[in-house]
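**Student:** Input structure_33.cif, format and content: mmCIF, C-alpha atoms and all ligand atoms.
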```
data_start
loop_
_atom_site.label_atom_id
_atom_site.label_comp_id
_atom_site.auth_asym_id
_atom_site.auth_seq_id
_atom_site.Cartn_x
_atom_site.Cartn_y
_atom_site.Cartn_z
CA MET A 1305 63.41 141.68 -24.33
CA ASP A 1306 64.83 141.65 -27.89
CA LEU A 1307 67.40 143.76 -29.72
CA GLY A 1308 65.77 146.97 -30.95
CA ASP A 1309 62.97 146.96 -28.34
CA ARG A 1310 62.43 150.33 -26.68
CA ILE A 1311 62.89 150.15 -22.93
CA SER A 1312 63.28 152.44 -19.94
CA VAL A 1313 65.98 151.89 -17.35
CA GLU A 1314 65.76 153.49 -13.94
CA ARG A 1315 68.95 153.78 -11.97
CA GLY A 1316 69.93 156.07 -9.09
CA GLY A 1317 66.73 158.14 -9.44
CA THR A 1318 67.23 158.83 -13.16
CA THR A 1319 65.28 157.18 -15.97
CA TYR A 1320 66.90 156.54 -19.34
CA GLU A 1321 65.02 155.51 -22.48
CA GLY A 1322 66.39 153.90 -25.61
CA ALA A 1323 66.63 150.86 -27.87
CA VAL A 1324 68.25 147.63 -26.71
CA MET A 1325 71.65 147.02 -28.26
CA PRO A 1326 73.95 143.98 -28.14
CA SER A 1327 75.84 143.73 -24.85
CA ARG A 1328 79.18 141.97 -24.50
CA ARG A 1329 79.00 141.66 -20.71
CA GLU A 1330 76.87 139.07 -19.01
CA GLY A 1331 74.22 140.75 -16.80
CA TYR A 1332 74.59 144.15 -18.49
CA VAL A 1333 72.00 145.91 -20.66
CA VAL A 1334 73.13 148.39 -23.31
CA ILE A 1335 70.72 150.90 -24.84
CA LYS A 1336 71.08 153.45 -27.61
CA LEU A 1337 69.78 156.80 -26.29
CA ASP A 1338 67.86 159.15 -28.59
CA ASN A 1339 70.96 161.35 -28.92
CA GLY A 1340 72.78 158.42 -30.55
CA TYR A 1341 75.07 157.52 -27.63
CA ASN A 1342 75.13 154.04 -26.09
CA ILE A 1343 74.99 153.53 -22.34
CA GLY A 1344 75.33 150.30 -20.31
CA PHE A 1345 73.70 149.30 -16.99
CA ASP A 1346 74.17 146.51 -14.51
CA ALA A 1347 70.76 144.84 -14.90
CA SER A 1348 70.71 143.66 -11.25
CA LYS A 1349 70.93 147.28 -10.00
CA SER A 1350 68.41 148.82 -12.46
CA ARG A 1351 64.65 148.75 -12.95
CA ILE A 1352 63.90 147.88 -16.56
CA SER A 1353 60.51 148.22 -18.29
CA LEU A 1354 59.54 147.46 -21.86
CA LEU A 1355 58.02 150.52 -23.61
CA GLN A 1356 57.54 149.20 -27.16
CA LYS A 1357 58.47 146.16 -29.17
CA ARG A 1358 60.84 146.80 -32.08
CA GLN A 1359 59.05 148.04 -35.23
CA GLU A 1360 59.98 146.22 -38.39
CA SER A 1361 60.56 148.71 -41.19
CA ARG A 1362 58.16 148.73 -44.11
CA LYS A 1363 59.90 147.01 -47.03
CA ILE A 1364 59.49 148.67 -50.38
CA LYS A 1365 60.77 147.35 -53.69
CA SER A 1366 64.20 148.77 -54.41
CA ASP A 1367 63.51 150.16 -57.89
CA MET A 1368 60.07 151.68 -57.83
CA ALA A 1369 57.74 153.99 -59.68
CA LEU A 1370 56.04 156.39 -57.31
CA PRO A 1371 52.62 158.02 -57.76
CA ARG A 1372 52.69 160.96 -60.22
CA ARG A 1373 51.44 164.47 -59.51
CA GLU A 1374 50.45 166.66 -62.46
CA GLY A 1375 52.62 169.68 -63.22
CA LEU A 1376 55.69 168.69 -61.18
CA PRO A 1377 59.10 168.17 -62.82
CA GLN A 1378 60.53 164.66 -63.23
CA VAL A 1379 63.56 163.90 -61.05
CA SER A 1380 65.53 160.64 -60.90
CA ILE A 1381 67.04 159.48 -57.64
CA LEU A 1382 69.97 157.09 -57.81
CA SER A 1383 70.99 155.68 -54.45
CA THR A 1384 74.49 154.43 -53.78
CA GLY A 1385 74.32 153.93 -49.99
CA GLY A 1386 76.06 155.85 -47.21
CA THR A 1387 74.55 157.17 -43.99
CA ILE A 1388 71.61 158.80 -45.79
CA ALA A 1389 70.47 155.29 -46.68
CA SER A 1390 71.39 153.85 -43.30
CA LYS A 1391 69.91 152.98 -39.99
CA VAL A 1392 71.17 151.37 -36.85
CA ASP A 1393 71.37 147.62 -37.15
CA TYR A 1394 70.27 146.38 -33.73
CA ARG A 1395 72.03 143.05 -34.26
CA THR A 1396 75.45 144.71 -34.36
CA GLY A 1397 74.87 148.22 -33.02
CA ALA A 1398 76.55 149.65 -36.13
CA VAL A 1399 75.07 151.93 -38.77
CA THR A 1400 74.63 150.06 -42.05
CA SER A 1401 73.39 151.03 -45.48
CA GLN A 1402 69.90 149.54 -45.78
CA PHE A 1403 67.45 151.95 -47.43
CA SER A 1404 66.80 152.16 -51.15
CA ALA A 1405 66.03 155.46 -52.91
CA GLY A 1406 62.33 154.54 -52.89
CA GLU A 1407 62.37 154.10 -49.14
CA ILE A 1408 64.16 157.43 -48.69
CA ILE A 1409 61.38 159.14 -50.67
CA SER A 1410 58.59 157.45 -48.73
CA ALA A 1411 60.26 158.43 -45.45
CA ILE A 1412 60.36 162.14 -46.40
CA PRO A 1413 56.83 163.19 -47.48
CA GLU A 1414 57.97 166.81 -48.22
CA LEU A 1415 59.86 165.46 -51.23
CA GLU A 1416 56.60 164.60 -52.95
CA GLU A 1417 55.60 168.29 -53.04
CA ILE A 1418 58.71 169.19 -55.06
CA ALA A 1419 58.85 166.72 -57.97
CA ASN A 1420 57.80 163.37 -59.37
CA TYR A 1421 60.49 160.78 -58.84
CA SER A 1422 61.76 157.59 -60.27
CA ALA A 1423 64.08 155.78 -57.89
CA ARG A 1424 66.84 153.29 -58.57
CA VAL A 1425 69.35 151.53 -56.39
CA VAL A 1426 72.80 151.58 -57.96
CA TYR A 1427 74.79 150.43 -54.91
CA GLN A 1428 74.21 149.85 -51.23
CA ILE A 1429 77.69 150.60 -50.00
CA LEU A 1430 79.49 152.92 -47.65
CA SER A 1431 81.38 155.39 -49.77
CA GLU A 1432 84.81 154.27 -48.57
CA ASN A 1433 84.14 151.33 -50.91
CA MET A 1434 83.60 153.52 -53.99
CA ARG A 1435 86.11 153.11 -56.82
CA ALA A 1436 86.75 154.51 -60.29
CA GLU A 1437 84.86 151.65 -61.91
CA TYR A 1438 81.74 152.66 -59.92
CA TRP A 1439 82.13 156.35 -60.86
CA ILE A 1440 82.06 155.24 -64.50
CA GLU A 1441 78.97 153.10 -64.03
CA LEU A 1442 77.26 155.90 -62.13
CA ALA A 1443 78.07 158.47 -64.85
CA ASN A 1444 76.54 156.13 -67.44
CA LYS A 1445 73.42 155.70 -65.32
CA VAL A 1446 73.06 159.46 -64.83
CA ALA A 1447 73.38 159.99 -68.59
CA ARG A 1448 70.72 157.33 -69.21
CA GLU A 1449 68.32 159.06 -66.79
CA ILE A 1450 68.85 162.39 -68.56
CA GLU A 1451 68.33 160.80 -71.98
CA SER A 1452 65.09 159.27 -70.68
CA GLY A 1453 63.75 162.70 -69.74
CA ALA A 1454 64.90 163.35 -66.16
CA GLU A 1455 64.81 167.09 -65.51
CA GLY A 1456 67.18 166.67 -62.59
CA VAL A 1457 69.14 163.82 -61.00
CA ILE A 1458 69.81 163.30 -57.30
CA ILE A 1459 72.52 160.89 -56.20
CA THR A 1460 72.36 159.82 -52.58
CA HIS A 1461 75.90 158.98 -51.48
CA GLY A 1462 78.06 158.43 -48.42
CA THR A 1463 79.72 161.63 -47.26
CA ASP A 1464 83.27 160.30 -46.80
CA THR A 1465 84.21 160.19 -50.48
CA MET A 1466 81.40 162.26 -51.95
CA MET A 1467 83.87 164.89 -53.17
CA TYR A 1468 85.75 162.33 -55.27
CA THR A 1469 82.55 161.11 -56.95
CA ALA A 1470 81.39 164.70 -57.44
CA ALA A 1471 84.70 165.60 -59.12
CA ALA A 1472 84.65 162.45 -61.27
CA LEU A 1473 81.11 163.14 -62.51
CA SER A 1474 82.00 166.80 -63.11
CA PHE A 1475 84.72 165.77 -65.58
CA MET A 1476 82.88 162.83 -67.13
CA LEU A 1477 79.55 164.56 -67.76
CA LYS A 1478 78.52 167.76 -69.42
CA THR A 1479 74.97 167.99 -68.19
CA PRO A 1480 72.00 170.03 -69.41
CA VAL A 1481 70.16 169.49 -66.09
CA PRO A 1482 71.17 169.62 -62.40
CA VAL A 1483 73.02 166.57 -61.03
CA VAL A 1484 73.01 166.81 -57.25
CA LEU A 1485 74.92 164.67 -54.76
CA VAL A 1486 73.52 164.53 -51.26
CA GLY A 1487 74.23 162.56 -48.10
CA SER A 1488 73.87 162.85 -44.37
CA GLN A 1489 76.22 162.78 -41.43
CA ARG A 1490 73.69 161.17 -39.05
CA SER A 1491 71.37 158.33 -39.92
CA SER A 1492 67.65 159.03 -40.18
CA ASP A 1493 66.79 157.11 -37.01
CA ARG A 1494 68.66 159.69 -34.92
CA PRO A 1495 66.82 162.81 -33.74
CA SER A 1496 69.63 165.09 -34.98
CA SER A 1497 69.63 163.49 -38.44
CA ASP A 1498 70.34 165.80 -41.36
CA ALA A 1499 69.00 163.30 -43.91
CA SER A 1500 65.58 164.81 -44.41
CA MET A 1501 66.61 168.47 -44.68
CA ASN A 1502 69.51 167.67 -46.99
CA ALA A 1503 67.25 165.58 -49.25
CA VAL A 1504 64.59 168.32 -49.47
CA CYS A 1505 67.25 170.93 -50.32
CA ALA A 1506 68.81 168.58 -52.90
CA ALA A 1507 65.41 168.14 -54.57
CA SER A 1508 65.02 171.94 -54.69
CA VAL A 1509 68.37 172.21 -56.49
CA ALA A 1510 67.48 169.29 -58.80
CA ILE A 1511 64.56 171.31 -60.20
CA SER A 1512 66.55 174.59 -60.28
CA ASP A 1513 68.42 176.26 -63.14
CA ILE A 1514 71.88 175.05 -61.98
CA ALA A 1515 72.87 172.51 -64.65
CA GLU A 1516 76.11 171.39 -63.02
CA VAL A 1517 77.29 168.59 -60.79
CA THR A 1518 76.84 169.94 -57.26
CA VAL A 1519 76.95 168.78 -53.65
CA VAL A 1520 74.10 169.99 -51.43
CA MET A 1521 74.57 169.59 -47.67
CA HIS A 1522 73.74 171.36 -44.36
CA GLY A 1523 75.08 174.92 -44.36
CA SER A 1524 75.08 175.65 -40.62
CA THR A 1525 74.66 173.96 -37.26
CA SER A 1526 70.93 174.76 -37.34
CA ASP A 1527 68.22 173.38 -39.59
CA ASP A 1528 67.96 176.58 -41.61
CA PHE A 1529 69.73 176.23 -44.96
CA CYS A 1530 71.84 174.01 -47.16
CA THR A 1531 74.85 175.13 -49.15
CA ILE A 1532 75.24 174.36 -52.86
CA HIS A 1533 78.86 173.48 -53.67
CA ARG A 1534 80.40 173.05 -57.12
CA GLY A 1535 81.41 169.39 -57.55
CA THR A 1536 85.09 170.22 -58.15
CA ARG A 1537 85.47 172.65 -55.25
CA VAL A 1538 84.04 170.87 -52.29
CA ARG A 1539 85.53 168.98 -49.36
CA LYS A 1540 84.33 167.24 -46.21
CA MET A 1541 86.11 169.29 -43.53
CA HIS A 1542 84.79 167.73 -40.35
CA THR A 1543 84.32 164.14 -39.26
CA SER A 1544 80.90 164.52 -37.68
CA ARG A 1545 79.39 168.02 -37.83
CA ARG A 1546 76.34 168.32 -40.04
CA ASP A 1547 77.82 171.40 -41.74
CA ALA A 1548 81.02 169.48 -42.57
CA PHE A 1549 81.11 170.33 -46.28
CA GLN A 1550 82.83 173.51 -47.43
CA SER A 1551 83.69 175.04 -50.76
CA ILE A 1552 87.45 175.53 -50.99
CA ASN A 1553 89.14 178.33 -52.95
CA GLN A 1554 85.79 179.43 -54.35
CA PRO A 1555 82.63 180.69 -52.62
CA PRO A 1556 79.73 178.23 -52.75
CA LEU A 1557 77.48 178.41 -55.84
CA GLY A 1558 74.51 179.25 -53.65
CA LYS A 1559 72.19 178.18 -50.87
CA VAL A 1560 68.73 176.71 -50.35
CA ASP A 1561 66.46 178.03 -47.63
CA TYR A 1562 64.94 174.96 -45.98
CA LEU A 1563 61.55 176.48 -45.09
CA SER A 1564 60.80 178.36 -48.31
CA ARG A 1565 62.93 176.00 -50.49
CA LYS A 1566 64.15 179.10 -52.31
CA VAL A 1567 67.41 178.62 -54.22
CA GLU A 1568 69.73 181.64 -54.18
CA THR A 1569 72.93 181.74 -56.26
CA PHE A 1570 76.13 183.72 -55.60
CA GLN A 1571 78.31 182.66 -58.53
CA PRO A 1572 78.00 182.29 -62.28
CA TYR A 1573 76.94 178.74 -63.20
CA ARG A 1574 75.92 176.72 -66.26
CA ARG A 1575 72.21 177.13 -66.84
CA ARG A 1576 69.62 174.47 -67.59
CA GLY A 1577 69.69 173.54 -71.26
CA GLU A 1578 72.84 175.58 -71.98
CA ALA A 1579 74.93 172.49 -72.80
CA ALA A 1580 74.01 169.33 -74.68
CA LEU A 1581 74.55 166.08 -72.80
CA GLU A 1582 78.11 164.74 -73.25
CA LEU A 1583 79.61 161.71 -71.58
CA GLN A 1584 83.30 160.82 -71.53
CA ALA A 1585 83.36 158.11 -68.93
CA ARG A 1586 86.81 156.61 -68.86
CA MET A 1587 89.29 156.76 -66.00
CA GLU A 1588 92.96 155.74 -65.80
CA GLU A 1589 93.06 153.91 -62.48
CA ARG A 1590 96.85 153.64 -62.24
CA CYS A 1591 97.30 157.11 -60.77
CA ALA A 1592 98.16 157.93 -57.17
CA LEU A 1593 97.94 160.82 -54.75
CA VAL A 1594 101.08 160.81 -52.62
CA LYS A 1595 101.37 162.90 -49.50
CA TYR A 1596 104.90 164.12 -48.83
CA THR A 1597 105.86 164.15 -45.14
CA PRO A 1598 109.15 165.43 -43.66
CA GLY A 1599 111.87 162.83 -43.89
CA SER A 1600 109.86 160.36 -45.95
CA SER A 1601 111.85 158.25 -48.36
CA PRO A 1602 112.07 159.15 -52.05
CA ASP A 1603 111.74 155.40 -52.63
CA ILE A 1604 107.99 156.04 -52.41
CA LEU A 1605 108.18 157.65 -55.86
CA ASN A 1606 110.29 154.80 -57.24
CA TYR A 1607 107.70 152.33 -55.96
CA TYR A 1608 104.95 153.90 -58.09
CA ILE A 1609 107.21 154.28 -61.13
CA ASP A 1610 108.36 150.65 -60.89
CA LYS A 1611 104.76 149.46 -60.45
CA GLY A 1612 103.78 151.04 -63.77
CA TYR A 1613 101.66 153.95 -62.53
CA LYS A 1614 100.68 156.40 -65.27
CA GLY A 1615 100.51 159.62 -63.26
CA LEU A 1616 101.23 161.01 -59.79
CA VAL A 1617 99.85 163.91 -57.79
CA LEU A 1618 102.17 164.98 -55.00
CA GLU A 1619 100.57 166.65 -52.03
CA GLY A 1620 103.45 168.91 -51.11
CA THR A 1621 103.96 171.35 -48.27
CA GLY A 1622 102.98 175.05 -48.39
CA LEU A 1623 103.30 176.54 -51.85
CA GLY A 1624 103.99 173.02 -53.20
CA HIS A 1625 107.29 171.56 -51.99
CA VAL A 1626 108.93 168.21 -51.35
CA ALA A 1627 112.40 167.59 -49.90
CA SER A 1628 115.33 168.02 -52.27
CA ASP A 1629 115.99 164.27 -52.22
CA TRP A 1630 112.61 163.66 -53.89
CA ILE A 1631 113.50 165.77 -56.92
CA GLU A 1632 115.46 163.00 -58.62
CA GLY A 1633 112.30 160.84 -58.44
CA ILE A 1634 110.22 163.60 -60.07
CA LYS A 1635 112.83 163.77 -62.85
CA ARG A 1636 112.78 160.00 -63.33
CA ALA A 1637 108.95 159.88 -63.47
CA THR A 1638 108.81 162.73 -65.97
CA GLU A 1639 111.50 161.19 -68.19
CA GLU A 1640 109.51 157.94 -68.20
CA GLY A 1641 106.39 159.81 -69.37
CA ILE A 1642 104.63 159.81 -65.96
CA PRO A 1643 103.29 163.31 -65.26
CA VAL A 1644 103.82 164.65 -61.72
CA VAL A 1645 101.33 167.31 -60.64
CA ILE A 1646 101.85 169.27 -57.44
CA ALA A 1647 99.00 170.12 -55.04
CA SER A 1648 99.21 171.56 -51.54
CA GLN A 1649 98.54 170.15 -48.10
CA CYS A 1650 97.29 173.63 -47.20
CA LEU A 1651 94.20 173.04 -49.38
CA ARG A 1652 93.50 176.76 -49.47
CA GLY A 1653 95.55 178.94 -51.81
CA ARG A 1654 97.47 178.08 -54.96
CA ILE A 1655 100.68 176.31 -55.90
CA CYS A 1656 103.64 178.51 -56.72
CA ASP A 1657 106.89 176.68 -57.26
CA ARG A 1658 108.78 179.75 -58.37
CA VAL A 1659 109.32 181.34 -54.95
CA TYR A 1660 111.87 179.00 -53.34
CA ASP A 1661 114.84 177.11 -54.78
CA THR A 1662 113.17 173.75 -54.05
CA GLY A 1663 110.14 174.67 -56.13
CA ARG A 1664 112.27 175.91 -59.01
CA ASP A 1665 114.29 172.69 -58.95
CA MET A 1666 111.03 170.69 -58.93
CA LEU A 1667 109.82 172.58 -62.01
CA GLN A 1668 113.19 172.01 -63.67
CA ALA A 1669 112.74 168.28 -62.99
CA GLY A 1670 109.38 168.34 -64.78
CA ALA A 1671 106.82 168.93 -61.97
CA ILE A 1672 103.58 170.59 -63.07
CA GLU A 1673 101.95 173.18 -60.78
CA GLY A 1674 98.39 172.18 -59.86
CA ALA A 1675 97.14 175.81 -59.60
CA ASP A 1676 94.38 176.08 -56.94
CA MET A 1677 92.99 172.57 -57.36
CA LEU A 1678 92.22 170.44 -54.33
CA PRO A 1679 94.63 167.45 -54.25
CA GLU A 1680 91.86 164.88 -54.82
CA VAL A 1681 90.43 166.94 -57.67
CA ALA A 1682 93.88 167.08 -59.30
CA LEU A 1683 94.03 163.27 -58.98
CA VAL A 1684 90.56 162.69 -60.47
CA LYS A 1685 91.27 165.16 -63.29
CA MET A 1686 94.56 163.38 -64.02
CA MET A 1687 92.76 160.00 -64.13
CA TRP A 1688 90.17 161.45 -66.49
CA LEU A 1689 92.60 163.27 -68.80
CA LEU A 1690 94.98 160.31 -69.08
CA ALA A 1691 92.09 158.05 -70.07
CA ASN A 1692 90.24 160.39 -72.43
CA GLN A 1693 92.70 162.93 -73.86
CA PRO A 1694 96.24 161.77 -73.04
CA GLU A 1695 97.76 163.76 -75.90
CA SER A 1696 96.34 166.99 -74.44
CA PHE A 1697 97.34 166.26 -70.83
CA ALA A 1698 100.08 168.90 -70.62
CA ALA A 1699 97.89 171.54 -72.26
CA LEU A 1700 94.75 170.85 -70.21
CA ILE A 1701 95.86 169.90 -66.68
CA GLY A 1702 96.33 173.59 -65.83
CA GLN A 1703 93.19 174.79 -67.63
CA PRO A 1704 89.72 174.94 -66.05
CA LEU A 1705 87.54 172.19 -67.53
CA ALA A 1706 84.80 171.91 -64.88
CA GLY A 1707 85.32 174.97 -62.68
CA GLU A 1708 88.17 173.26 -60.79
CA ILE A 1709 90.70 176.05 -61.46
CA ALA A 1710 90.44 179.83 -61.26
CA PHE A 1711 93.19 182.26 -62.06
CA SER A 1712 92.46 184.48 -59.09
CA THR A 1713 91.28 183.35 -55.68
CA PRO A 1714 88.98 185.62 -53.65
CA ILE A 1715 90.52 186.32 -50.21
CA THR A 1716 87.26 185.40 -48.47
CA VAL A 1717 87.66 181.67 -49.23
N1 LIG B 1801 81.20 156.11 -44.03
C1 LIG B 1801 79.97 156.70 -44.50
C2 LIG B 1801 80.07 156.80 -46.02
O1 LIG B 1801 80.77 157.61 -46.52
C3 LIG B 1801 79.73 158.02 -43.87
C4 LIG B 1801 78.53 158.78 -44.37
O2 LIG B 1801 77.83 158.44 -45.25
O3 LIG B 1801 78.32 159.88 -43.80
O4 LIG B 1801 79.41 156.05 -46.69
#
```
Represent the structure of the file as structure tokens.
Ligand code: ASP

**Tutor:**
Amino acid sequence: MDLGDRISVERGGTTYEGAVMPSRREGYVVIKLDNGYNIGFDASKSRISLLQKRQESRKIKSDMALPRREGLPQVSILSTGGTIASKVDYRTGAVTSQFSAGEIISAIPELEEIANYSARVVYQILSENMRAEYWIELANKVAREIESGAEGVIITHGTDTMMYTAAALSFMLKTPVPVVLVGSQRSSDRPSSDASMNAVCAASVAISDIAEVTVVMHGSTSDDFCTIHRGTRVRKMHTSRRDAFQSINQPPLGKVDYLSRKVETFQPYRRRGEAALELQARMEERCALVKYTPGSSPDILNYYIDKGYKGLVLEGTGLGHVASDWIEGIKRATEEGIPVVIASQCLRGRICDRVYDTGRDMLQAGAIEGADMLPEVALVKMMWLLANQPESFAALIGQPLAGEIAFSTPITV
């Protein structure tokens, strides 16, 4: 019996089926059940039968040209890794990023009915390992695909930091075609995987009229529709649910019905061909997002100032507050030319530092209200503005550049 073999284990009148996983205890067998959970058995008290030897996955070249079908639009898929490109590694029992974009396409035959694809591997990483340097490289690659005639671009990406990449691309690229980020919460070798439905919905958006950077992910707990989120308004709000992604402070741009693949929109959006392609792909990496917590030391601000950081976003409480003893640090940063933008730990709603004394003192010290931007979006925008248009920072940080700010927030979001 080898790792990955499918076996059945009978114990106490119940039969369990699953794939053999590594076991740390001598005499114990561990299997991964079809629902994704692992279960261990004392081998001497169980009846074990082999059902099927482990299937080796078909290996396909990582960058590949797939067969063309007449009359379908041309879509580029750039894969960066994450769960959507992952499967269980039976040597370790962990989920690892192993599939290329080409393999994702071949595993989901429905995709071939929607478009012709070219597929490229950009990274094979879990998205916790993304960094500004990779956002820049990715933006350049997306631009190159569009220049070469892609009518839509899909980026497969880990879900954990997808909202940062989506925000970064939203600021770096003005796109004449849809640029869609998609991932999955459960790997494709699990029965409850969302990989296939999310990918089909992403392809439907990639050929649609929505020429913006969007995130397309499961919209409910069923397999019925995906939600289309604007890249600067989206957040992963649950660790494991398939419908983890939500638009914050703005209703979603639309939805895709999984069965009919119909795209429905609820919000104004930039249409296909409306803008010419523009790329401003620089990022100031010496910026930080600092979460204020009660009683935390104002030395935290001094640390960043002394280390030579160029900008700070403070995730304050409620309407946008920090303790009074942090205000001196805000003043020092501002005097040294380091902008301090305030976002809220509440996520929903907008910053208003004119209601309480603390807020007014913060403004007096130079703090800038971050309107209704998500904290991570304020950070990414700061990184982008400081690198591309530092002289306009003060004028533009509070202005909507990629749909990240609105001047009124609907009460339904
Ligand atoms: N840690 C993974 C990642 O972000 C999780 C996922 O893809 O869902 O790459």

**Student:** Residues contacting ligand LIG 1801 (chain B) - anything with an atom at most 6 Å away, using all atoms listed in the file - can you give me those as a PDB file with C-alpha atoms, in the frame of the given file?

**Tutor:**
```
ATOM      1  CA  GLY A1386      76.060 155.850 -47.210  1.00  0.00           C
ATOM      2  CA  THR A1387      74.550 157.170 -43.990  1.00  0.00           C
ATOM      3  CA  LEU A1430      79.490 152.920 -47.650  1.00  0.00           C
ATOM      4  CA  SER A1431      81.380 155.390 -49.770  1.00  0.00           C
ATOM      5  CA  GLU A1432      84.810 154.270 -48.570  1.00  0.00           C
ATOM      6  CA  GLY A1462      78.060 158.430 -48.420  1.00  0.00           C
ATOM      7  CA  THR A1463      79.720 161.630 -47.260  1.00  0.00           C
ATOM      8  CA  ASP A1464      83.270 160.300 -46.800  1.00  0.00           C
ATOM      9  CA  THR A1465      84.210 160.190 -50.480  1.00  0.00           C
ATOM     10  CA  SER A1488      73.870 162.850 -44.370  1.00  0.00           C
ATOM     11  CA  GLN A1489      76.220 162.780 -41.430  1.00  0.00           C
TER      12      GLN A1489
END
```

**Student:** Neighbours of Tyr1438 (chain A) within 12 Å (only C-alpha atoms; same-chain residues fewer than 2 positions away dropped), as number ranges by chain?

**Tutor:** A: 1384, 1426-1429, 1431-1436, 1440-1445, 1468-1469, 1472-1473, 1585-1587, 1589

**Student:** Hey, which of A:Ile1412, A:Leu1477, A:Ala1515, A:Ile1655 ends up closest to Phe1711 (chain A)? Count all atoms listed in the file.

**Tutor:** A:Ile1655

**Student:** Which residues come within 10 Å of Tyr1562 (chain A), counting all atoms listed in the file, excluding same-chain residues fewer than 5 positions away, as a list in words?

**Tutor:**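 With the cut-off at 10 Å, the set is Met1501, Asn1502, Val1504, Cys1505, Ser1508, His1522, Asp1527, Asp1528, Phe1529, Cys1530 and Val1567 of chain A.
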
**Student:** Using all atoms listed in the file, list the residues that have an atom at most 12 Å from (72.4, 177.8, -63.7), coordinates as in the file, as number ranges by chain.

**Tutor:** A: 1479-1483, 1509-1518, 1532, 1534, 1557-1558, 1567-1579

**Student:** For the residues selected in the previous step, produce a file with C-alpha atoms as a short mmCIF file (atom, residue, chain, number, x, y, z; two decimals), keeping the file's coordinate frame.

**Tutor:**
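This went into part.cif:
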```cif
data_model
loop_
_atom_site.label_atom_id
_atom_site.label_comp_id
_atom_site.auth_asym_id
_atom_site.auth_seq_id
_atom_site.Cartn_x
_atom_site.Cartn_y
_atom_site.Cartn_z
CA THR A 1479 74.97 167.99 -68.19
CA PRO A 1480 72.00 170.03 -69.41
CA VAL A 1481 70.16 169.49 -66.09
CA PRO A 1482 71.17 169.62 -62.40
CA VAL A 1483 73.02 166.57 -61.03
CA VAL A 1509 68.37 172.21 -56.49
CA ALA A 1510 67.48 169.29 -58.80
CA ILE A 1511 64.56 171.31 -60.20
CA SER A 1512 66.55 174.59 -60.28
CA ASP A 1513 68.42 176.26 -63.14
CA ILE A 1514 71.88 175.05 -61.98
CA ALA A 1515 72.87 172.51 -64.65
CA GLU A 1516 76.11 171.39 -63.02
CA VAL A 1517 77.29 168.59 -60.79
CA THR A 1518 76.84 169.94 -57.26
CA ILE A 1532 75.24 174.36 -52.86
CA ARG A 1534 80.40 173.05 -57.12
CA LEU A 1557 77.48 178.41 -55.84
CA GLY A 1558 74.51 179.25 -53.65
CA VAL A 1567 67.41 178.62 -54.22
CA GLU A 1568 69.73 181.64 -54.18
CA THR A 1569 72.93 181.74 -56.26
CA PHE A 1570 76.13 183.72 -55.60
CA GLN A 1571 78.31 182.66 -58.53
CA PRO A 1572 78.00 182.29 -62.28
CA TYR A 1573 76.94 178.74 -63.20
CA ARG A 1574 75.92 176.72 -66.26
CA ARG A 1575 72.21 177.13 -66.84
CA ARG A 1576 69.62 174.47 -67.59
CA GLY A 1577 69.69 173.54 -71.26
CA GLU A 1578 72.84 175.58 -71.98
CA ALA A 1579 74.93 172.49 -72.80
#
```

**Student:** When you look at region 1328-1339 of chain A with a cut-off of 8 Å (counting only C-alpha atoms), what residues show up, excluding the ones that are within fewer than 5 positions of it in the same chain? I need them as a PyMOL selection string.

**Tutor:** chain A and resi 1320-1323+1344-1348+1494-1496

**Student:** Which one of A:Gly1633, A:Gly1535, A:Gly1674, A:Gly1622 sits closest to Ala1706 (chain A) if you count only C-alpha atoms?

**Tutor:**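 When distances to Ala1706 (chain A) are compared using only C-alpha atoms, the smallest one comes from A:Gly1535.
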